[in-house]
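Source file: query18.txt; contents: compact mmCIF, C-alpha atoms.
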```
# COMPACT_ATOMS: atom_id res chain seq x y z
CA MET H 1 -145.30 -115.77 -30.65
CA VAL H 2 -142.31 -115.33 -28.28
CA SER H 3 -143.20 -115.67 -24.66
CA GLN H 4 -142.03 -113.18 -22.01
CA GLU H 5 -139.62 -115.74 -20.54
CA GLN H 6 -138.09 -116.47 -23.96
CA ARG H 7 -137.69 -112.74 -24.58
CA ARG H 8 -135.96 -112.32 -21.22
CA ARG H 9 -133.53 -115.15 -22.01
CA GLN H 10 -132.80 -113.69 -25.44
CA LEU H 11 -131.98 -110.29 -23.96
CA ALA H 12 -129.74 -111.88 -21.33
CA ARG H 13 -127.86 -113.84 -24.03
CA GLU H 14 -127.35 -110.69 -26.11
CA LYS H 15 -126.04 -108.82 -23.05
CA PHE H 16 -123.63 -111.69 -22.33
CA LEU H 17 -122.35 -111.67 -25.93
CA ARG H 18 -121.81 -107.88 -25.78
CA GLN H 19 -119.81 -108.26 -22.51
CA GLN H 20 -117.70 -111.00 -24.08
CA GLN H 21 -117.00 -108.80 -27.10
CA ARG H 22 -115.96 -105.88 -24.88
CA ARG H 23 -113.57 -108.15 -22.94
CA THR H 24 -112.10 -109.44 -26.21
CA ASP H 25 -111.63 -105.88 -27.50
CA ALA H 26 -110.00 -104.82 -24.20
CA ARG H 27 -107.55 -107.73 -24.31
CA ARG H 28 -106.66 -106.88 -27.91
CA LYS H 29 -106.04 -103.22 -27.03
CA ALA H 30 -103.92 -104.25 -24.02
CA ARG H 31 -101.76 -106.49 -26.25
CA VAL H 32 -101.24 -103.61 -28.70
CA ARG H 33 -100.41 -101.18 -25.88
CA ASN H 34 -97.93 -103.58 -24.27
CA ALA H 35 -96.28 -104.18 -27.61
CA VAL H 36 -95.80 -100.41 -28.08
CA ILE H 37 -94.34 -100.04 -24.56
CA ALA H 38 -91.99 -102.95 -25.11
CA SER H 39 -90.90 -101.44 -28.39
CA ALA H 40 -90.24 -98.07 -26.77
CA LEU H 41 -88.27 -99.66 -23.95
CA GLY H 42 -86.22 -101.50 -26.51
CA VAL H 43 -85.33 -98.23 -28.22
CA VAL H 44 -84.33 -96.67 -24.90
CA LEU H 45 -82.20 -99.64 -23.91
CA VAL H 46 -80.49 -99.77 -27.30
CA GLY H 47 -79.89 -96.02 -27.21
CA SER H 48 -78.52 -96.19 -23.67
CA LEU H 49 -76.22 -99.04 -24.62
CA ALA H 50 -74.93 -97.01 -27.56
CA LEU H 51 -74.28 -93.99 -25.30
CA TYR H 52 -72.52 -96.14 -22.72
CA THR H 53 -70.23 -97.83 -25.25
CA THR H 54 -69.24 -94.46 -26.77
CA GLY H 55 -68.22 -93.17 -23.34
CA VAL H 56 -70.91 -90.53 -22.71
CA LEU H 57 -72.30 -92.32 -19.65
CA LYS H 58 -69.09 -94.10 -18.78
CA ASP H 59 -67.31 -93.07 -15.57
CA ASP H 60 -63.79 -94.36 -15.77
CA GLY H 61 -62.39 -91.90 -13.22
CA LYS H 62 -60.14 -90.25 -15.81
CA GLU H 63 -61.43 -88.44 -18.87
CA ASN H 64 -64.92 -87.95 -17.44
CA ALA H 65 -63.93 -87.39 -13.81
CA GLY H 66 -64.76 -83.67 -14.00
CA ALA H 67 -67.95 -83.99 -16.04
CA GLU H 68 -70.90 -82.06 -14.67
CA VAL H 69 -73.76 -84.26 -13.43
CA THR H 70 -77.24 -82.87 -12.93
CA PRO H 71 -78.49 -83.90 -9.46
CA SER H 72 -81.74 -85.81 -9.13
CA ALA H 73 -84.81 -83.72 -8.37
CA THR H 74 -85.72 -86.12 -5.59
CA ALA H 75 -82.25 -86.29 -4.06
CA PRO H 76 -80.54 -82.89 -4.32
CA SER H 77 -76.85 -82.95 -3.59
CA THR H 78 -75.19 -80.56 -1.14
CA PRO H 79 -71.77 -79.23 -2.15
CA PRO H 80 -68.96 -80.18 0.20
CA ASP H 81 -68.16 -77.75 2.99
CA PRO H 82 -65.31 -75.57 1.63
CA CYS H 83 -64.31 -74.24 5.06
CA ASP H 84 -62.07 -75.38 7.89
CA GLU H 85 -62.90 -76.26 11.47
CA PRO H 86 -63.45 -73.22 13.73
CA ALA H 87 -60.67 -72.17 16.08
CA LYS H 88 -61.05 -73.28 19.66
CA GLY H 89 -63.00 -70.89 21.83
CA GLU H 90 -66.53 -69.79 22.66
CA VAL H 91 -68.63 -66.72 22.01
CA GLU H 92 -68.65 -64.37 24.97
CA SER H 93 -71.93 -62.74 25.95
CA MET H 94 -71.45 -58.97 26.04
CA SER H 95 -73.83 -56.03 26.23
CA TRP H 96 -73.60 -52.29 26.73
CA LYS H 97 -76.28 -49.72 27.50
CA LYS H 98 -75.11 -47.00 25.13
CA GLU H 99 -72.99 -46.41 22.05
CA PRO H 100 -69.27 -46.22 22.85
CA ALA H 101 -67.58 -42.83 23.01
CA MET H 102 -65.89 -41.67 19.82
CA THR H 103 -62.23 -42.69 20.01
CA ILE H 104 -61.19 -43.13 16.37
CA ASP H 105 -59.46 -40.51 14.26
CA LYS H 106 -62.12 -39.56 11.74
CA SER H 107 -59.53 -38.33 9.26
CA ALA H 108 -57.46 -41.53 9.35
CA LYS H 109 -57.84 -44.73 7.35
CA TYR H 110 -59.01 -47.90 9.09
CA SER H 111 -59.37 -51.46 7.89
CA MET H 112 -61.09 -54.53 9.27
CA LYS H 113 -59.89 -58.10 8.96
CA LEU H 114 -62.27 -60.99 9.43
CA ALA H 115 -60.20 -64.13 9.91
CA THR H 116 -62.85 -66.75 9.07
CA THR H 117 -62.87 -70.51 8.73
CA CYS H 118 -63.28 -69.99 4.99
CA GLY H 119 -60.40 -67.54 4.57
CA ASP H 120 -59.51 -63.97 5.45
CA ILE H 121 -61.90 -61.19 4.41
CA ASP H 122 -60.21 -57.79 4.41
CA VAL H 123 -62.38 -54.68 4.40
CA ALA H 124 -61.37 -51.08 3.75
CA LEU H 125 -63.53 -48.97 6.09
CA LYS H 126 -65.17 -45.66 5.14
CA THR H 127 -64.12 -43.82 8.27
CA SER H 128 -64.94 -40.22 7.37
CA ALA H 129 -68.29 -41.14 5.76
CA ALA H 130 -69.46 -43.48 8.55
CA PRO H 131 -67.53 -42.55 11.72
CA HIS H 132 -70.11 -43.84 14.22
CA THR H 133 -70.22 -47.22 12.49
CA VAL H 134 -66.45 -47.55 12.17
CA ASN H 135 -65.96 -46.42 15.78
CA SER H 136 -68.49 -49.03 16.96
CA PHE H 137 -66.75 -51.80 15.03
CA GLU H 138 -63.36 -50.75 16.36
CA PHE H 139 -64.79 -50.92 19.89
CA LEU H 140 -66.57 -54.27 19.44
CA ALA H 141 -63.65 -55.94 17.66
CA GLY H 142 -61.32 -54.73 20.40
CA LYS H 143 -63.54 -56.42 23.00
CA GLY H 144 -63.53 -59.72 21.07
CA TYR H 145 -67.28 -59.38 20.49
CA PHE H 146 -67.20 -60.97 17.00
CA ASP H 147 -64.72 -63.74 17.84
CA HIS H 148 -66.07 -67.30 17.32
CA THR H 149 -69.41 -66.02 15.97
CA LYS H 150 -71.16 -67.66 13.03
CA CYS H 151 -72.28 -65.85 9.92
CA HIS H 152 -75.89 -66.95 10.25
CA ARG H 153 -77.53 -66.00 6.96
CA LEU H 154 -76.85 -66.40 3.24
CA THR H 155 -79.22 -65.15 0.55
CA THR H 156 -78.91 -66.49 -2.98
CA ASN H 157 -82.12 -65.27 -4.58
CA GLY H 158 -83.11 -61.63 -5.22
CA ILE H 159 -80.32 -60.24 -3.06
CA TYR H 160 -76.90 -61.78 -2.65
CA VAL H 161 -75.42 -61.24 0.79
CA LEU H 162 -73.73 -63.00 3.67
CA GLN H 163 -74.92 -61.69 7.04
CA CYS H 164 -72.79 -61.83 10.19
CA GLY H 165 -72.27 -60.07 13.51
CA ASP H 166 -74.85 -61.75 15.74
CA PRO H 167 -73.26 -63.63 18.65
CA THR H 168 -76.48 -65.56 19.22
CA GLY H 169 -76.60 -66.80 15.62
CA SER H 170 -80.36 -66.25 15.63
CA GLY H 171 -80.55 -63.05 13.62
CA SER H 172 -81.92 -61.09 16.56
CA GLY H 173 -78.80 -60.49 18.67
CA GLY H 174 -76.98 -57.22 19.22
CA PRO H 175 -74.64 -55.27 21.50
CA GLY H 176 -77.39 -53.63 23.56
CA TYR H 177 -77.08 -50.25 21.86
CA THR H 178 -77.86 -48.83 18.44
CA ILE H 179 -75.96 -46.47 16.16
CA PRO H 180 -77.23 -43.84 13.72
CA ASP H 181 -77.64 -44.44 10.00
CA GLU H 182 -74.78 -42.97 7.97
CA ASN H 183 -73.56 -42.53 4.41
CA LEU H 184 -76.91 -43.40 2.80
CA LYS H 185 -76.07 -41.17 -0.15
CA ASP H 186 -72.79 -42.90 -0.89
CA LYS H 187 -71.82 -42.41 -4.52
CA SER H 188 -71.45 -46.18 -4.93
CA LEU H 189 -75.20 -46.67 -4.42
CA LYS H 190 -76.75 -46.08 -7.83
CA ASP H 191 -80.30 -46.98 -8.84
CA ASN H 192 -80.90 -48.64 -5.45
CA VAL H 193 -78.16 -51.17 -6.05
CA TYR H 194 -75.60 -52.18 -3.44
CA PRO H 195 -72.67 -53.27 -5.61
CA ALA H 196 -70.66 -56.42 -5.03
CA GLY H 197 -68.02 -55.84 -2.40
CA THR H 198 -70.13 -53.52 -0.26
CA VAL H 199 -70.19 -54.05 3.51
CA ALA H 200 -73.27 -52.50 5.11
CA MET H 201 -75.18 -52.47 8.38
CA ALA H 202 -78.26 -54.61 8.90
CA ASN H 203 -81.14 -53.04 10.80
CA THR H 204 -84.70 -53.68 11.98
CA GLY H 205 -86.28 -51.62 9.22
CA GLN H 206 -86.48 -48.60 11.47
CA LYS H 207 -84.19 -45.57 11.25
CA ASN H 208 -81.04 -45.59 13.37
CA SER H 209 -81.58 -49.19 14.48
CA GLY H 210 -78.22 -50.68 13.50
CA GLY H 211 -76.34 -52.65 16.15
CA SER H 212 -73.64 -55.19 15.39
CA GLN H 213 -75.09 -57.19 12.50
CA PHE H 214 -73.73 -56.44 9.06
CA PHE H 215 -73.82 -57.95 5.59
CA LEU H 216 -71.29 -58.48 2.84
CA VAL H 217 -72.54 -58.23 -0.75
CA TYR H 218 -71.01 -60.84 -3.07
CA GLN H 219 -73.12 -59.89 -6.12
CA ASP H 220 -74.89 -56.66 -7.07
CA SER H 221 -78.11 -56.52 -5.04
CA GLN H 222 -81.22 -54.37 -5.45
CA LEU H 223 -81.91 -52.76 -2.07
CA PRO H 224 -83.33 -49.45 -0.87
CA PRO H 225 -80.62 -47.07 0.41
CA SER H 226 -81.52 -47.71 4.05
CA TYR H 227 -78.46 -49.67 5.15
CA THR H 228 -75.27 -47.83 6.11
CA PRO H 229 -72.49 -48.74 3.65
CA PHE H 230 -69.28 -48.55 5.68
CA GLY H 231 -66.70 -50.68 3.90
CA THR H 232 -65.47 -52.39 0.74
CA VAL H 233 -64.23 -55.98 0.54
CA SER H 234 -60.80 -56.65 -1.00
CA GLU H 235 -60.37 -58.72 -4.15
CA SER H 236 -59.08 -61.70 -2.17
CA GLY H 237 -61.99 -61.31 0.26
CA MET H 238 -64.45 -61.46 -2.65
CA LYS H 239 -63.03 -64.85 -3.63
CA VAL H 240 -63.77 -66.08 -0.13
CA LEU H 241 -67.34 -64.74 -0.31
CA LYS H 242 -67.98 -66.39 -3.67
CA LYS H 243 -66.67 -69.69 -2.31
CA ILE H 244 -69.13 -69.46 0.56
CA ALA H 245 -71.98 -68.53 -1.78
CA ALA H 246 -71.18 -71.42 -4.13
CA ALA H 247 -71.83 -73.88 -1.30
CA GLY H 248 -75.42 -72.57 -1.06
CA GLU H 249 -77.78 -72.23 1.86
CA SER H 250 -79.66 -74.74 3.97
CA THR H 251 -83.29 -74.22 2.94
CA GLY H 252 -82.98 -74.44 -0.83
CA ALA H 253 -85.34 -71.45 -1.04
CA GLY H 254 -82.58 -68.86 -1.34
CA ASP H 255 -82.48 -67.54 2.23
CA GLY H 256 -81.11 -69.55 5.13
CA ALA H 257 -78.02 -70.58 7.04
CA PRO H 258 -74.94 -71.08 4.85
CA ASN H 259 -74.07 -74.68 4.05
CA ALA H 260 -70.46 -73.66 4.54
CA THR H 261 -69.24 -73.47 8.13
CA VAL H 262 -68.63 -69.70 8.24
CA VAL H 263 -67.22 -68.69 11.61
CA ILE H 264 -65.32 -65.50 12.38
CA ASP H 265 -62.38 -66.84 14.36
CA LYS H 266 -61.05 -63.33 14.98
CA ALA H 267 -62.10 -59.80 13.95
CA THR H 268 -59.64 -56.90 14.13
CA VAL H 269 -59.89 -53.23 13.21
CA THR H 270 -56.64 -51.39 12.68
CA LYS H 271 -55.58 -47.86 11.84
CA SER H 272 -53.43 -47.59 8.73
```

In structure tokens, write the structure found in this file.
Amino acid sequence: MVSQEQRRRQLAREKFLRQQQRRTDARRKARVRNAVIASALGVVLVGSLALYTTGVLKDDGKENAGAEVTPSATAPSTPPDPCDEPAKGEVESMSWKKEPAMTIDKSAKYSMKLATTCGDIDVALKTSAAPHTVNSFEFLAGKGYFDHTKCHRLTTNGIYVLQCGDPTGSGSGGPGYTIPDENLKDKSLKDNVYPAGTVAMANTGQKNSGGSQFFLVYQDSQLPPSYTPFGTVSESGMKVLKKIAAAGESTGAGDGAPNATVVIDKATVTKS
């Protein structure tokens, strides 16, 4: 008959043997796993070596100099600034209590030129359709209001616009007065789309709340017809806009300050 102490020792020995077996099995599985990993790494290294020697990964500064490289997800690259240094000068703080008196010829043709650090953007203005807006821009440009101001916002997701006209660069600045909404039934606005090349007034979301901020559409954008369309960008101006857009915006979320240094060195409105 087995005593209680003998039985206890037997159970302890069996437990020890089971633990030893589990450790042995674990070591065997680890050896197998490591062998598989080593094998896989060998395939990758051999494959990479083959790619390198055939020139796919090789960067010799000649044939592959223009090859497109996908940036790392952990270290996104920022395109180089495509624009020049701003002209010397500072933004002047100006404000008026009421909309300027109508001085333009509503039946004449007017154009606006934005001489920017990224290139000239010429705009044909819709004088007869948006006389208050064109008159305001003629007044502000004549005062040098837009000179040396930054275009503070670029959107690259959902809507595609460059926004300018705020001397403070904060998105909340204005001339101290507001102008009425105009031309909201422009024939160019179809299916709530502001087509590429449109220049329109920004506002606060309320009626007749436009001031000095405006946006330039570089790609068709779905927007409600609530923003006065008052001009059309020239073909050469569109190239400038697309260059600015290609440099992206600062947040990476599709709405932020342009990576390009977009400064309006001089804005002029002239009668043709």

Tell me, counting all atoms listed in the file, for each residue of range 221-266 of chain H within 12 Å of range 113-133 of chain H, which pair of atoms is nearest and how far apart they are in Å to one decimal, in rows ordered by chain and increasing number, as a tab-separated table.
```
residue	atom	partner	partner_atom	distance
H:Tyr227	CA	H:Thr133	CA	11.3
H:Thr228	CA	H:Ala130	CA	7.7
H:Pro229	CA	H:Ala130	CA	7.8
H:Phe230	CA	H:Lys126	CA	5.1
H:Gly231	CA	H:Leu125	CA	4.2
H:Thr232	CA	H:Ala124	CA	5.3
H:Val233	CA	H:Val123	CA	4.5
H:Ser234	CA	H:Asp122	CA	5.6
H:Glu235	CA	H:Asp122	CA	8.6
H:Ser236	CA	H:Ile121	CA	7.2
H:Gly237	CA	H:Ile121	CA	4.2
H:Met238	CA	H:Ile121	CA	7.5
H:Lys239	CA	H:Ile121	CA	8.9
H:Val240	CA	H:Gly119	CA	6.0
H:Leu241	CA	H:Ile121	CA	8.0
H:Lys242	CA	H:Cys118	CA	10.5
H:Lys243	CA	H:Cys118	CA	8.1
H:Ile244	CA	H:Cys118	CA	7.4
H:Ala245	CA	H:Cys118	CA	11.1
H:Ala247	CA	H:Cys118	CA	11.3
H:Pro258	CA	H:Cys118	CA	11.7
H:Asn259	CA	H:Cys118	CA	11.8
H:Ala260	CA	H:Cys118	CA	8.1
H:Thr261	CA	H:Thr117	CA	7.0
H:Val262	CA	H:Thr117	CA	5.8
H:Val263	CA	H:Thr116	CA	5.4
H:Ile264	CA	H:Thr116	CA	4.3
H:Asp265	CA	H:Thr116	CA	5.3
H:Lys266	CA	H:Ala115	CA	5.2
```

Could you check which of H:Gly256, H:Gly165, H:Pro225, H:Pro100 is closest to Thr178 in chain H, using all atoms listed in the file? H:Pro100

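CA of Gly252 in chain H is found 21.7 Å from CA of Leu223 in chain H.
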
Closest atom pairs, residues of range 99-127 of chain H within 7 Å of range 135-150 of chain H, all atoms listed in the file, as JSON lines:
```
{"residue": "H:Pro100", "atom": "CA", "partner": "H:Ser136", "partner_atom": "CA", "distance": 6.6}
{"residue": "H:Met102", "atom": "CA", "partner": "H:Asn135", "partner_atom": "CA", "distance": 6.2}
{"residue": "H:Thr103", "atom": "CA", "partner": "H:Asn135", "partner_atom": "CA", "distance": 6.8}
{"residue": "H:Ile104", "atom": "CA", "partner": "H:Asn135", "partner_atom": "CA", "distance": 5.8}
```

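In terms of minimum interatomic distance to Ser272 in chain H, H:Asp105 ranks closest within H:Asp105, H:Asp220, H:Asp81, H:Glu249, counting only C-alpha atoms.
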
CA of Pro167 in chain H and CA of Ser212 in chain H are how many Å apart? 9.1 Å
